[in-house]
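Student: My structure file my_file17.csv, CSV, C-alpha atoms (C1' of nucleotides), is below:
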```csv
chain,number,residue,atom,x,y,z
A,1,MET,CA,0.0,0.0,0.0
A,2,ALA,CA,1.5,3.3,-1.0
A,3,ASP,CA,1.7,6.3,1.3
A,4,GLN,CA,-0.6,8.9,-0.1
A,5,THR,CA,1.2,11.9,1.3
A,6,ASP,CA,4.2,11.6,-1.0
A,7,PHE,CA,2.2,10.7,-4.1
A,8,ASP,CA,2.5,13.3,-6.7
A,9,ILE,CA,0.1,13.3,-9.7
A,10,ARG,CA,2.9,14.9,-11.8
A,11,SER,CA,4.9,11.7,-11.7
A,12,PHE,CA,1.9,9.4,-12.1
A,13,LEU,CA,2.7,7.5,-15.2
A,14,PRO,CA,-0.7,7.7,-17.0
A,15,TYR,CA,-0.7,11.4,-16.3
A,16,LEU,CA,2.8,11.9,-17.7
A,17,LEU,CA,2.0,9.8,-20.7
A,18,ASN,CA,-1.1,11.8,-21.4
A,19,GLN,CA,0.8,15.1,-21.2
A,20,ALA,CA,3.6,13.9,-23.4
A,21,ALA,CA,1.1,12.4,-25.9
A,22,GLU,CA,-0.9,15.6,-26.1
A,23,GLU,CA,2.2,17.8,-26.5
A,24,SER,CA,3.8,15.7,-29.1
A,25,SER,CA,0.6,15.3,-31.1
A,26,LEU,CA,0.1,19.0,-31.3
A,27,ALA,CA,2.7,20.0,-33.8
A,28,PHE,CA,2.1,17.2,-36.2
A,29,GLN,CA,-1.7,17.7,-36.1
A,30,HIS,CA,-1.1,21.0,-37.8
A,31,HIS,CA,0.0,19.2,-41.0
A,32,TYR,CA,-2.9,16.9,-41.6
A,33,LYS,CA,-5.5,19.3,-40.2
A,34,GLN,CA,-4.6,22.5,-42.0
A,35,ARG,CA,-3.2,21.0,-45.2
A,36,TYR,CA,-5.6,18.2,-45.8
A,37,GLY,CA,-8.6,18.9,-43.5
A,38,MET,CA,-8.2,15.5,-41.8
A,39,LEU,CA,-8.9,14.5,-38.2
A,40,ARG,CA,-6.7,12.3,-36.1
A,41,THR,CA,-8.9,9.3,-36.7
A,42,GLU,CA,-8.6,9.9,-40.5
A,43,TRP,CA,-4.8,10.0,-40.7
A,44,ARG,CA,-4.5,7.0,-38.6
A,45,VAL,CA,-6.6,5.0,-41.0
A,46,LEU,CA,-4.7,6.5,-43.9
A,47,PHE,CA,-1.4,5.6,-42.4
A,48,HIS,CA,-2.4,2.0,-41.8
A,49,LEU,CA,-3.7,1.6,-45.3
A,50,GLY,CA,-0.6,3.3,-46.7
A,51,ARG,CA,1.9,1.2,-44.7
A,52,TYR,CA,0.2,-2.2,-44.7
A,53,GLY,CA,-1.8,-2.1,-47.9
A,54,ALA,CA,-5.5,-2.7,-48.6
A,55,MET,CA,-7.5,-4.2,-45.7
A,56,THR,CA,-10.9,-4.2,-44.1
A,57,ALA,CA,-12.2,-1.7,-41.5
A,58,ASN,CA,-12.2,-4.5,-39.0
A,59,ALA,CA,-8.5,-5.3,-39.6
A,60,ILE,CA,-7.6,-1.6,-39.1
A,61,GLY,CA,-9.5,-1.7,-35.8
A,62,THR,CA,-7.5,-4.6,-34.5
A,63,ARG,CA,-4.2,-3.2,-35.5
A,64,ALA,CA,-4.8,0.4,-34.4
A,65,LYS,CA,-7.0,-0.5,-31.4
A,66,MET,CA,-9.7,1.9,-32.7
A,67,HIS,CA,-13.4,1.5,-32.2
A,68,LYS,CA,-15.4,0.5,-35.2
A,69,THR,CA,-17.6,3.6,-35.2
A,70,LYS,CA,-14.5,5.8,-35.3
A,71,ILE,CA,-13.2,3.9,-38.3
A,72,SER,CA,-16.6,3.9,-40.0
A,73,ARG,CA,-16.8,7.6,-39.9
A,74,ALA,CA,-13.1,8.1,-40.8
A,75,VAL,CA,-13.5,5.8,-43.8
A,76,ALA,CA,-16.6,7.7,-44.9
A,77,ALA,CA,-14.6,11.0,-44.7
A,78,LEU,CA,-11.6,9.7,-46.5
A,79,GLU,CA,-13.9,8.3,-49.2
A,80,LYS,CA,-15.5,11.6,-49.6
A,81,LYS,CA,-12.1,13.2,-50.1
A,82,ARG,CA,-11.4,10.5,-52.7
A,83,TYR,CA,-8.4,9.2,-50.7
A,84,LEU,CA,-9.7,5.6,-50.7
A,85,THR,CA,-12.2,3.3,-52.4
A,86,ARG,CA,-14.3,0.4,-51.1
A,87,GLN,CA,-14.8,-3.0,-52.7
A,88,LYS,CA,-17.0,-5.7,-51.3
A,89,VAL,CA,-15.2,-9.0,-50.5
A,90,GLU,CA,-16.6,-11.7,-52.9
A,91,THR,CA,-16.4,-14.5,-50.3
A,92,ASP,CA,-18.0,-12.5,-47.5
A,93,ARG,CA,-20.2,-9.6,-48.7
A,94,ARG,CA,-20.4,-8.0,-45.2
A,95,ARG,CA,-16.8,-7.0,-45.4
A,96,GLU,CA,-15.2,-4.5,-47.7
A,97,LEU,CA,-11.7,-4.0,-48.7
A,98,LEU,CA,-10.3,-0.5,-48.4
A,99,THR,CA,-7.7,0.7,-50.9
A,100,LEU,CA,-5.9,4.0,-51.2
A,101,THR,CA,-6.4,5.9,-54.4
A,102,ARG,CA,-3.5,7.5,-56.3
A,103,THR,CA,-4.4,10.8,-54.5
A,104,GLY,CA,-4.5,9.0,-51.1
A,105,GLN,CA,-1.1,7.5,-51.7
A,106,THR,CA,0.3,10.9,-52.6
A,107,VAL,CA,-1.1,12.4,-49.4
A,108,TYR,CA,0.2,9.4,-47.4
A,109,ALA,CA,3.7,9.8,-48.9
A,110,ASP,CA,3.7,13.5,-48.1
A,111,LEU,CA,2.6,13.0,-44.5
A,112,CYS,CA,5.0,10.2,-44.0
A,113,ALA,CA,7.9,12.4,-44.9
A,114,VAL,CA,6.7,15.1,-42.5
A,115,ALA,CA,6.1,12.5,-39.7
A,116,GLY,CA,9.5,10.9,-40.2
A,117,ASP,CA,11.2,14.3,-39.8
A,118,TYR,CA,9.1,15.2,-36.8
A,119,ASP,CA,9.8,11.9,-35.2
A,120,ALA,CA,13.5,12.4,-35.6
A,121,GLN,CA,13.2,15.8,-34.1
A,122,LEU,CA,11.4,14.5,-31.1
A,123,LEU,CA,13.9,11.8,-30.5
A,124,ALA,CA,17.0,14.0,-31.2
A,125,PRO,CA,17.6,14.9,-27.5
A,126,PHE,CA,18.0,11.2,-26.6
A,127,SER,CA,20.9,8.8,-27.2
A,128,ALA,CA,20.4,5.7,-29.4
A,129,ASP,CA,20.2,3.5,-26.3
A,130,GLU,CA,17.7,5.8,-24.7
A,131,GLN,CA,15.5,5.9,-27.8
A,132,ALA,CA,15.4,2.2,-28.0
A,133,LEU,CA,14.5,1.9,-24.3
A,134,LEU,CA,11.9,4.5,-24.6
A,135,LYS,CA,10.2,2.8,-27.5
A,136,ARG,CA,10.4,-0.6,-25.9
A,137,ALA,CA,8.9,0.8,-22.7
A,138,LEU,CA,6.0,2.5,-24.6
A,139,GLU,CA,5.2,-0.6,-26.6
A,140,ARG,CA,5.1,-2.6,-23.4
A,141,LEU,CA,2.8,-0.1,-21.7
A,142,ALA,CA,0.6,0.0,-24.8
A,143,LYS,CA,0.5,-3.8,-24.7
A,144,LEU,CA,1.4,-3.9,-28.4
B,1,MET,CA,14.3,14.1,-45.2
B,2,ALA,CA,13.2,10.7,-44.2
B,3,ASP,CA,12.5,7.8,-46.6
B,4,GLN,CA,8.8,7.2,-46.5
B,5,THR,CA,9.0,3.5,-47.4
B,6,ASP,CA,10.5,2.5,-44.1
B,7,PHE,CA,8.4,4.7,-42.0
B,8,ASP,CA,6.1,2.8,-39.7
B,9,ILE,CA,3.3,4.5,-37.9
B,10,ARG,CA,3.7,2.0,-35.1
B,11,SER,CA,7.0,3.4,-34.1
B,12,PHE,CA,5.9,7.0,-34.6
B,13,LEU,CA,6.4,8.5,-31.2
B,14,PRO,CA,3.2,10.5,-30.9
B,15,TYR,CA,1.3,7.4,-31.9
B,16,LEU,CA,3.1,5.2,-29.4
B,17,LEU,CA,2.6,7.8,-26.7
B,18,ASN,CA,-1.1,7.9,-27.4
B,19,GLN,CA,-1.5,4.2,-27.3
B,20,ALA,CA,0.4,3.9,-24.1
B,21,ALA,CA,-1.5,6.8,-22.5
B,22,GLU,CA,-4.8,5.3,-23.5
B,23,GLU,CA,-4.0,1.8,-22.3
B,24,SER,CA,-2.5,2.9,-19.0
B,25,SER,CA,-5.4,5.3,-18.3
B,26,LEU,CA,-8.0,2.6,-18.8
B,27,ALA,CA,-7.6,0.5,-15.7
B,28,PHE,CA,-7.3,3.5,-13.4
B,29,GLN,CA,-10.3,5.2,-15.0
B,30,HIS,CA,-12.5,2.4,-13.6
B,31,HIS,CA,-11.9,3.6,-10.0
B,32,TYR,CA,-12.8,7.3,-10.3
B,33,LYS,CA,-15.5,6.6,-12.8
B,34,GLN,CA,-17.4,3.7,-11.3
B,35,ARG,CA,-16.8,4.5,-7.7
B,36,TYR,CA,-17.2,8.2,-7.7
B,37,GLY,CA,-18.8,9.1,-11.0
B,38,MET,CA,-15.9,11.4,-11.9
B,39,LEU,CA,-14.5,12.3,-15.3
B,40,ARG,CA,-10.8,12.6,-16.0
B,41,THR,CA,-10.9,16.3,-15.8
B,42,GLU,CA,-12.5,16.1,-12.4
B,43,TRP,CA,-10.0,13.8,-10.8
B,44,ARG,CA,-7.2,15.9,-12.2
B,45,VAL,CA,-8.5,19.0,-10.5
B,46,LEU,CA,-9.1,16.9,-7.3
B,47,PHE,CA,-5.6,15.6,-7.3
B,48,HIS,CA,-4.1,19.0,-7.7
B,49,LEU,CA,-6.1,20.5,-4.9
B,50,GLY,CA,-5.4,17.4,-2.7
B,51,ARG,CA,-1.6,17.5,-3.3
B,52,TYR,CA,-0.9,21.2,-3.4
B,53,GLY,CA,-3.7,22.7,-1.3
B,54,ALA,CA,-6.3,25.3,-1.9
B,55,MET,CA,-5.7,27.4,-5.1
B,56,THR,CA,-7.6,29.2,-7.8
B,57,ALA,CA,-8.9,27.7,-11.1
B,58,ASN,CA,-6.3,29.6,-13.0
B,59,ALA,CA,-3.5,28.2,-10.9
B,60,ILE,CA,-4.7,24.7,-11.6
B,61,GLY,CA,-4.8,25.5,-15.3
B,62,THR,CA,-1.2,26.6,-15.3
B,63,ARG,CA,0.0,23.6,-13.3
B,64,ALA,CA,-2.0,20.9,-15.2
B,65,LYS,CA,-1.9,22.6,-18.6
B,66,MET,CA,-5.7,22.3,-18.7
B,67,HIS,CA,-7.9,24.8,-20.6
B,68,LYS,CA,-10.0,27.0,-18.4
B,69,THR,CA,-13.3,25.8,-19.7
B,70,LYS,CA,-12.4,22.3,-18.8
B,71,ILE,CA,-11.5,23.4,-15.3
B,72,SER,CA,-14.6,25.5,-15.0
B,73,ARG,CA,-16.8,22.5,-15.7
B,74,ALA,CA,-14.8,20.1,-13.6
B,75,VAL,CA,-15.0,22.5,-10.6
B,76,ALA,CA,-18.8,22.9,-11.1
B,77,ALA,CA,-19.2,19.1,-11.1
B,78,LEU,CA,-16.9,18.7,-8.0
B,79,GLU,CA,-18.8,21.4,-6.2
B,80,LYS,CA,-22.1,19.7,-7.0
B,81,LYS,CA,-20.7,16.5,-5.5
B,82,ARG,CA,-19.7,18.5,-2.5
B,83,TYR,CA,-16.0,17.6,-2.9
B,84,LEU,CA,-14.9,21.3,-2.8
B,85,THR,CA,-16.1,24.8,-1.9
B,86,ARG,CA,-15.4,28.1,-3.4
B,87,GLN,CA,-14.4,31.3,-1.7
B,88,LYS,CA,-14.0,34.7,-3.3
B,89,VAL,CA,-10.5,36.2,-2.9
B,90,GLU,CA,-10.9,39.4,-0.8
B,91,THR,CA,-8.2,41.4,-2.6
B,92,ASP,CA,-9.4,40.4,-6.1
B,93,ARG,CA,-13.0,39.4,-6.3
B,94,ARG,CA,-12.7,37.9,-9.8
B,95,ARG,CA,-10.8,35.0,-8.5
B,96,GLU,CA,-12.0,32.3,-6.1
B,97,LEU,CA,-10.1,30.0,-3.9
B,98,LEU,CA,-11.0,26.3,-4.3
B,99,THR,CA,-10.7,24.1,-1.2
B,100,LEU,CA,-11.5,20.4,-0.8
B,101,THR,CA,-14.1,19.5,1.8
B,102,ARG,CA,-13.7,16.7,4.3
B,103,THR,CA,-15.4,14.4,1.8
B,104,GLY,CA,-13.2,15.6,-1.0
B,105,GLN,CA,-10.1,14.9,1.0
B,106,THR,CA,-11.4,11.4,1.8
B,107,VAL,CA,-12.0,10.6,-1.9
B,108,TYR,CA,-8.6,12.1,-2.7
B,109,ALA,CA,-6.8,9.9,-0.1
B,110,ASP,CA,-8.6,6.8,-1.4
B,111,LEU,CA,-7.7,7.5,-5.0
B,112,CYS,CA,-4.2,8.4,-4.1
B,113,ALA,CA,-3.7,5.0,-2.6
B,114,VAL,CA,-5.1,3.3,-5.7
B,115,ALA,CA,-3.1,5.4,-8.0
B,116,GLY,CA,0.1,4.8,-6.1
B,117,ASP,CA,-0.4,1.0,-6.2
B,118,TYR,CA,-1.3,1.2,-9.9
B,119,ASP,CA,1.7,3.3,-10.7
B,120,ALA,CA,4.0,0.8,-9.0
B,121,GLN,CA,2.4,-2.0,-10.9
B,122,LEU,CA,2.9,-0.2,-14.3
B,123,LEU,CA,6.6,0.5,-13.4
B,124,ALA,CA,7.3,-2.9,-12.0
B,125,PRO,CA,8.6,-4.5,-15.3
B,126,PHE,CA,11.4,-1.8,-15.5
B,127,SER,CA,14.6,-1.4,-13.5
B,128,ALA,CA,15.1,1.7,-11.4
B,129,ASP,CA,17.4,3.2,-14.0
B,130,GLU,CA,14.9,2.5,-16.7
B,131,GLN,CA,12.1,4.0,-14.7
B,132,ALA,CA,14.1,7.2,-14.1
B,133,LEU,CA,15.0,7.5,-17.7
B,134,LEU,CA,11.4,6.9,-18.8
B,135,LYS,CA,10.1,9.6,-16.5
B,136,ARG,CA,12.7,12.1,-17.5
B,137,ALA,CA,12.0,11.4,-21.2
B,138,LEU,CA,8.3,11.9,-20.7
B,139,GLU,CA,8.7,15.1,-18.8
B,140,ARG,CA,10.9,16.4,-21.5
B,141,LEU,CA,8.5,15.4,-24.3
B,142,ALA,CA,5.6,16.9,-22.3
B,143,LYS,CA,7.7,20.1,-21.9
B,144,LEU,CA,7.0,20.2,-18.2
C,1,DC,C1',-34.1,-25.4,-45.5
C,2,DC,C1',-35.1,-22.8,-41.3
C,3,DC,C1',-34.0,-20.9,-37.0
C,4,DT,C1',-30.7,-18.8,-34.0
C,5,DA,C1',-26.5,-16.8,-33.0
C,6,DA,C1',-22.6,-14.2,-34.5
C,7,DT,C1',-20.1,-10.7,-37.3
C,8,DA,C1',-19.1,-6.3,-40.4
C,9,DG,C1',-20.4,-2.1,-40.7
C,10,DT,C1',-23.7,2.0,-40.2
C,11,DT,C1',-26.5,5.3,-37.9
C,12,DG,C1',-28.8,8.2,-34.2
C,13,DA,C1',-28.9,10.0,-29.6
C,14,DA,C1',-26.5,11.4,-25.5
C,15,DT,C1',-21.8,12.9,-23.6
C,16,DT,C1',-17.9,15.3,-23.8
C,17,DT,C1',-14.7,18.5,-25.7
C,18,DG,C1',-13.2,22.7,-28.2
C,19,DT,C1',-14.0,27.5,-29.8
C,20,DA,C1',-15.5,31.9,-29.2
C,21,DA,C1',-18.2,35.2,-27.2
C,22,DC,C1',-19.6,36.9,-22.9
C,23,DT,C1',-19.8,39.0,-17.9
C,24,DA,C1',-17.6,40.8,-14.0
C,25,DA,C1',-13.8,42.8,-11.7
C,26,DC,C1',-9.5,45.1,-11.7
C,27,DA,C1',-5.6,48.2,-13.5
C,28,DA,C1',-3.5,52.1,-15.8
C,29,DG,C1',-3.4,56.4,-18.1
C,30,DC,C1',-5.2,60.5,-18.6
D,1,DG,C1',-13.4,59.3,-12.1
D,2,DC,C1',-13.8,58.0,-17.0
D,3,DT,C1',-12.1,55.3,-20.8
D,4,DT,C1',-9.4,51.5,-22.4
D,5,DG,C1',-7.3,47.3,-21.9
D,6,DT,C1',-6.6,43.0,-19.4
D,7,DT,C1',-7.7,39.0,-16.5
D,8,DA,C1',-10.8,35.3,-14.0
D,9,DG,C1',-14.2,32.6,-14.9
D,10,DT,C1',-18.8,31.2,-17.3
D,11,DT,C1',-21.8,30.1,-20.9
D,12,DA,C1',-23.5,29.1,-25.7
D,13,DC,C1',-22.8,26.8,-29.7
D,14,DA,C1',-20.3,23.6,-32.8
D,15,DA,C1',-17.5,19.6,-33.4
D,16,DA,C1',-16.1,15.1,-31.9
D,17,DT,C1',-16.6,10.8,-29.3
D,18,DT,C1',-19.1,7.2,-27.0
D,19,DC,C1',-22.9,4.0,-26.5
D,20,DA,C1',-26.6,1.5,-28.1
D,21,DA,C1',-29.5,0.1,-31.5
D,22,DC,C1',-29.9,-1.1,-36.2
D,23,DT,C1',-29.2,-3.6,-41.1
D,24,DA,C1',-27.2,-7.0,-43.8
D,25,DT,C1',-24.7,-11.1,-44.3
D,26,DT,C1',-22.7,-15.4,-42.8
D,27,DA,C1',-22.3,-19.7,-39.9
D,28,DG,C1',-24.0,-23.6,-37.5
D,29,DG,C1',-27.1,-26.6,-35.9
D,30,DG,C1',-31.3,-29.3,-36.1
```
If you took the structure in this file and wrote it as C-alpha cells, what would it be?
Tutor:
Amino acid sequence: MADQTDFDIRSFLPYLLNQAAEESSLAFQHHYKQRYGMLRTEWRVLFHLGRYGAMTANAIGTRAKMHKTKISRAVAALEKKRYLTRQKVETDRRRELLTLTRTGQTVYADLCAVAGDYDAQLLAPFSADEQALLKRALERLAKL
Amino acid sequence: MADQTDFDIRSFLPYLLNQAAEESSLAFQHHYKQRYGMLRTEWRVLFHLGRYGAMTANAIGTRAKMHKTKISRAVAALEKKRYLTRQKVETDRRRELLTLTRTGQTVYADLCAVAGDYDAQLLAPFSADEQALLKRALERLAKL
DNA sequence: CCCTAATAGTTGAATTTGTAACTAACAAGC
DNA sequence: GCTTGTTAGTTACAAATTCAACTATTAGGG
C-alpha cells in the first residue's frame, strides 16, 4: 500500500503519458489538419492503409485499437475526399476491402515524410540507447 | 528528409505515446468513474487540490496545462458532489479559492492509494534506471 | 431449408470537448 | 473618475466521441 502523502500526480505514469502524448501530437496535427482537413482518426486510417496495404475496416480496428464507429466515420470522410475506395469482398459480402487511391497514396507519402522528420526531431535529445529503451517501454505499456 | 517507405506509424512517437497513454489510463479510470462518478478532468482537479492545497482555477490550469473551460466545468461538477467549496478572494474578487471539503479529502486519499499502487504496478517491469529514464524522457516530451 | 447466433459495418442520440463570445472585476493612463 | 485594456471565470454553440440500437450477411445446428 502506497503512502498517499508523498504521491504526486505529476509523476503518475498515466498522467505523464497523457501530457507527453498531447504535447507531441500537437505540432504534427497542424499538417494533416490545415493542409488536408483531416482528423486524427482519419490520418490513422490513412497511415495503416498506406503502410500495410488494402485491408478491411475491422483489420484496421484490430491493428490500431480503434473502435469500429470511429473507423466507419473516418473511412466515410476519406472516401468523400477520394483518398480511398471500397470494394465488397466476394467471399463475404459483409466486409469491404479499403484501398488507397492515387491521391490517397500521394497524401500518405507527403505526411510520411513530415512524420519521419518530426519523429527524428522529437527523438533527437536522446541517445540511441535511450531511444530504444523509450520505444520498448512504450510498446510494453501500450500492450502492443 | 526521411525515406517514407520504411516509416512505420507503429514506431511514430506521438502514436506510441497515445497508445500507451490510453492503455494505461484505462484501468485507473475504472476507479474514479465507477466508484465516484468522476471524469478525468475532475480527478485531475481533485488531485491538484489534494496535493498542493487550496488554489484558484487559474493556478490549476497553469500547473496541469488544462484549458480554463475544462476546469470551470470540472469545478462545477466537483462542487455539486460537495468535494470542494469556493471562496472569493478578498483582494481580487474575480478569483476564487478552491478548497477540498472533508469528503473531497477522503476521496482524494482513497484514489491516491489506488493510484500509487497502480503506478508501481505499471513500473514494475522496469529497472530503477529505466524508470528514471522513462520519466525524464516523458517530462521532456511533455515540456514540463 | 429454417432458425438462432454471431459478425461487419452504419446510424442516431447522448456525452464530452473545443471555440468563441460573454460578464464581472481590476488596473493604468489621462 | 472616465475610458481603455486586461484578466478570471462562465456560458453558448459547434465539433467530436461514446454508447446502443440497427441492417445486412454469414455460420451452425437441427
Student: One number please: atom CA of Glu42 of chain B to atom CA of Gln121 of chain B, in Å, one decimal.
Tutor: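 We find that atom CA of Glu42 of chain B and atom CA of Gln121 of chain B lie 23.5 Å from each other.
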Student: Can you tell me which residues surround DT11 of chain C at a distance of at most 12 Å, considering only C-alpha atoms (C1' of nucleotides), apart from same-chain residues fewer than 5 positions away, and format the answer as a JSON list (two decimals) with C-alpha atoms (C1' of nucleotides), in the coordinates of the input?
Tutor:
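Output file around_13.json follows:
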```json
[["chain", "number", "residue", "atom", "x", "y", "z"],
["A", 69, "THR", "CA", -17.60, 3.60, -35.20],
["A", 72, "SER", "CA", -16.60, 3.90, -40.00],
["A", 73, "ARG", "CA", -16.80, 7.60, -39.90],
["D", 20, "DA", "C1'", -26.60, 1.50, -28.10],
["D", 21, "DA", "C1'", -29.50, 0.10, -31.50],
["D", 22, "DC", "C1'", -29.90, -1.10, -36.20],
["D", 23, "DT", "C1'", -29.20, -3.60, -41.10]]
```
Student: Please measure the separation of atom C1' of DC1 of chain C and atom C1' of DT25 of chain D, giving the value in Å to one decimal.
Tutor: 17.2 Å
Student: What does the Cα RMSD come to when chain A is optimally superposed on chain B over every C-alpha atom in order?
Tutor: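 Between chain B and chain A, the C-alpha RMSD is 0.2 Å.
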Student: Env of Leu141 of chain A: 7 Å cut, atoms = all atoms listed in the file, seq-sep filter 3 positions within chain, self excluded. Answer as a list in words.
Tutor: Ala137 and Leu138 of chain A; Ala20 and Ser24 of chain B
Student: Keeping only C-alpha atoms, write those residues as a PDB file, in the coordinates of the input.
Tutor:
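And here's again_21.pdb as it stands now:
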```pdb
ATOM      1  CA  ALA A 137       8.900   0.800 -22.700  1.00  0.00           C
ATOM      2  CA  LEU A 138       6.000   2.500 -24.600  1.00  0.00           C
TER       3      LEU A 138
ATOM      4  CA  ALA B  20       0.400   3.900 -24.100  1.00  0.00           C
ATOM      5  CA  SER B  24      -2.500   2.900 -19.000  1.00  0.00           C
TER       6      SER B  24
END
```
Student: Do you have the atom CA of Leu39 of chain B-atom CA of Ala77 of chain B distance handy?
Tutor: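 That distance, rounded to one decimal, is 9.3 Å.
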Student: In the coordinate frame of the file, compute which residues have an atom within 12 Å of (-15.8, 35.2, -28.7) when using all atoms listed in the file, and state them as a PyMOL selection string.
Tutor: (chain C and resi 19-22) or (chain D and resi 11-13)
Student: I need the residues from that last selection saved to file as a PDB file, in the coordinates of the input (with C-alpha atoms (C1' of nucleotides)), if you can.
Tutor:
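Dumped to selection.pdb:
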```pdb
ATOM      1  C1'  DT C  19     -14.000  27.500 -29.800  1.00  0.00           C
ATOM      2  C1'  DA C  20     -15.500  31.900 -29.200  1.00  0.00           C
ATOM      3  C1'  DA C  21     -18.200  35.200 -27.200  1.00  0.00           C
ATOM      4  C1'  DC C  22     -19.600  36.900 -22.900  1.00  0.00           C
TER       5       DC C  22
ATOM      6  C1'  DT D  11     -21.800  30.100 -20.900  1.00  0.00           C
ATOM      7  C1'  DA D  12     -23.500  29.100 -25.700  1.00  0.00           C
ATOM      8  C1'  DC D  13     -22.800  26.800 -29.700  1.00  0.00           C
TER       9       DC D  13
END
```
Student: Near chain D, which residues of chain A fall within 10 Å when you count all atoms listed in the file, and what do they look like as an mmCIF file with C-alpha atoms, keeping the file's coordinate frame?
Tutor:
```cif
data_model
loop_
_atom_site.group_PDB
_atom_site.id
_atom_site.type_symbol
_atom_site.label_atom_id
_atom_site.label_comp_id
_atom_site.auth_asym_id
_atom_site.auth_seq_id
_atom_site.Cartn_x
_atom_site.Cartn_y
_atom_site.Cartn_z
ATOM 1 C CA LEU A 39 -8.900 14.500 -38.200
ATOM 2 C CA HIS A 67 -13.400 1.500 -32.200
ATOM 3 C CA THR A 69 -17.600 3.600 -35.200
ATOM 4 C CA LYS A 70 -14.500 5.800 -35.300
ATOM 5 C CA THR A 91 -16.400 -14.500 -50.300
ATOM 6 C CA ASP A 92 -18.000 -12.500 -47.500
ATOM 7 C CA ARG A 93 -20.200 -9.600 -48.700
ATOM 8 C CA ARG A 94 -20.400 -8.000 -45.200
ATOM 9 C CA ARG A 95 -16.800 -7.000 -45.400
#
```
Student: Show me, as a list in words, the residues of chain C whose atoms get within 12 Å of chain A, using all atoms listed in the file for the distance check.
Tutor: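 Putting it all together, I get DT7, DA8, DG9, DT10 and DT11 of chain C.
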Student: At most 7 Å from (-8.8, 3.5, -50.2), file frame, all atoms listed in the file: which residues, as JSON, numbers by chain?
Tutor: {"A": [83, 84, 85, 86, 98, 99, 100, 101]}
Student: For each of A:Leu97, A:Ala115, A:Ile9, A:Leu144, take the minimum atom-to-atom distance to Arg44 of chain B, counting only C-alpha atoms, then give the residue where this is smallest.
Tutor: A:Ile9
Student: Restricting the calculation to only C-alpha atoms: of B:Ala59, B:Ala21, B:Ala27, B:Ala128, which residue gets closest to chain A?
Tutor: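 Under the stated criterion, the closest residue is B:Ala21.
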Student: Taking only residues of chain B that have an atom at most 8 Å from an atom of chain A, what is each one's shortest atom pair and its distance in Å to one decimal, using all atoms listed in the file, in chain and number order, as CSV?
Tutor:
```
residue,atom,partner,partner_atom,distance
B:Met1,CA,A:Asp117,CA,6.2
B:Ala2,CA,A:Gly116,CA,5.5
B:Asp3,CA,A:Ala113,CA,6.7
B:Gln4,CA,A:Cys112,CA,5.4
B:Thr5,CA,A:Arg51,CA,7.9
B:Phe7,CA,A:Gly116,CA,6.5
B:Asp8,CA,A:Arg51,CA,6.7
B:Ile9,CA,A:Phe47,CA,6.6
B:Ser11,CA,A:Lys135,CA,7.4
B:Phe12,CA,A:Asp119,CA,6.3
B:Leu13,CA,A:Asp119,CA,6.3
B:Pro14,CA,A:Ser25,CA,5.5
B:Tyr15,CA,A:Ala21,CA,7.8
B:Leu16,CA,A:Leu138,CA,6.2
B:Leu17,CA,A:Ala21,CA,4.9
B:Asn18,CA,A:Ala21,CA,5.2
B:Gln19,CA,A:Ala142,CA,5.3
B:Ala20,CA,A:Ala142,CA,4.0
B:Ala21,CA,A:Leu17,CA,4.9
B:Glu22,CA,A:Ala142,CA,7.7
B:Glu23,CA,A:Ala142,CA,5.5
B:Ser24,CA,A:Pro14,CA,5.5
B:Ser25,CA,A:Pro14,CA,5.4
B:Phe47,CA,A:Ile9,CA,6.6
B:His48,CA,A:Ile9,CA,7.4
B:Arg51,CA,A:Asp8,CA,6.8
B:Ala109,CA,A:Gln4,CA,6.3
B:Cys112,CA,A:Gln4,CA,5.4
B:Ala113,CA,A:Gln4,CA,5.6
B:Ala115,CA,A:Phe12,CA,7.6
B:Gly116,CA,A:Ala2,CA,5.5
B:Asp117,CA,A:Ala2,CA,6.0
B:Asp119,CA,A:Leu13,CA,6.2
B:Leu122,CA,A:Leu141,CA,7.4
B:Glu130,CA,A:Leu133,CA,7.6
B:Leu133,CA,A:Glu130,CA,7.7
B:Leu134,CA,A:Leu134,CA,6.3
B:Lys135,CA,A:Ser11,CA,7.4
B:Ala137,CA,A:Leu134,CA,7.7
B:Leu138,CA,A:Ala20,CA,5.8
B:Glu139,CA,A:Leu16,CA,6.8
B:Arg140,CA,A:Ala20,CA,7.9
B:Leu141,CA,A:Ala20,CA,5.2
B:Ala142,CA,A:Ala20,CA,3.8
B:Lys143,CA,A:Glu23,CA,7.5
```
Student: I'd like the neighbourhood of Gln29 of chain A as a list in words, where a residue qualifies if any of its atoms comes within 10 Å (using only C-alpha atoms (C1' of nucleotides)), though same-chain residues fewer than 6 positions away should be ignored.
Tutor: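 Once the adjacent positions are removed, what remains is Arg35, Met38, Leu39, Arg40 and Trp43 of chain A.
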Student: With only C-alpha atoms as the atoms that count, which of B:Ala124, B:Lys88, B:Thr41, B:Lys80 lies nearest to Met55 of chain B?
Tutor: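 That would be B:Lys88, the residue with the smallest distance to Met55 of chain B.
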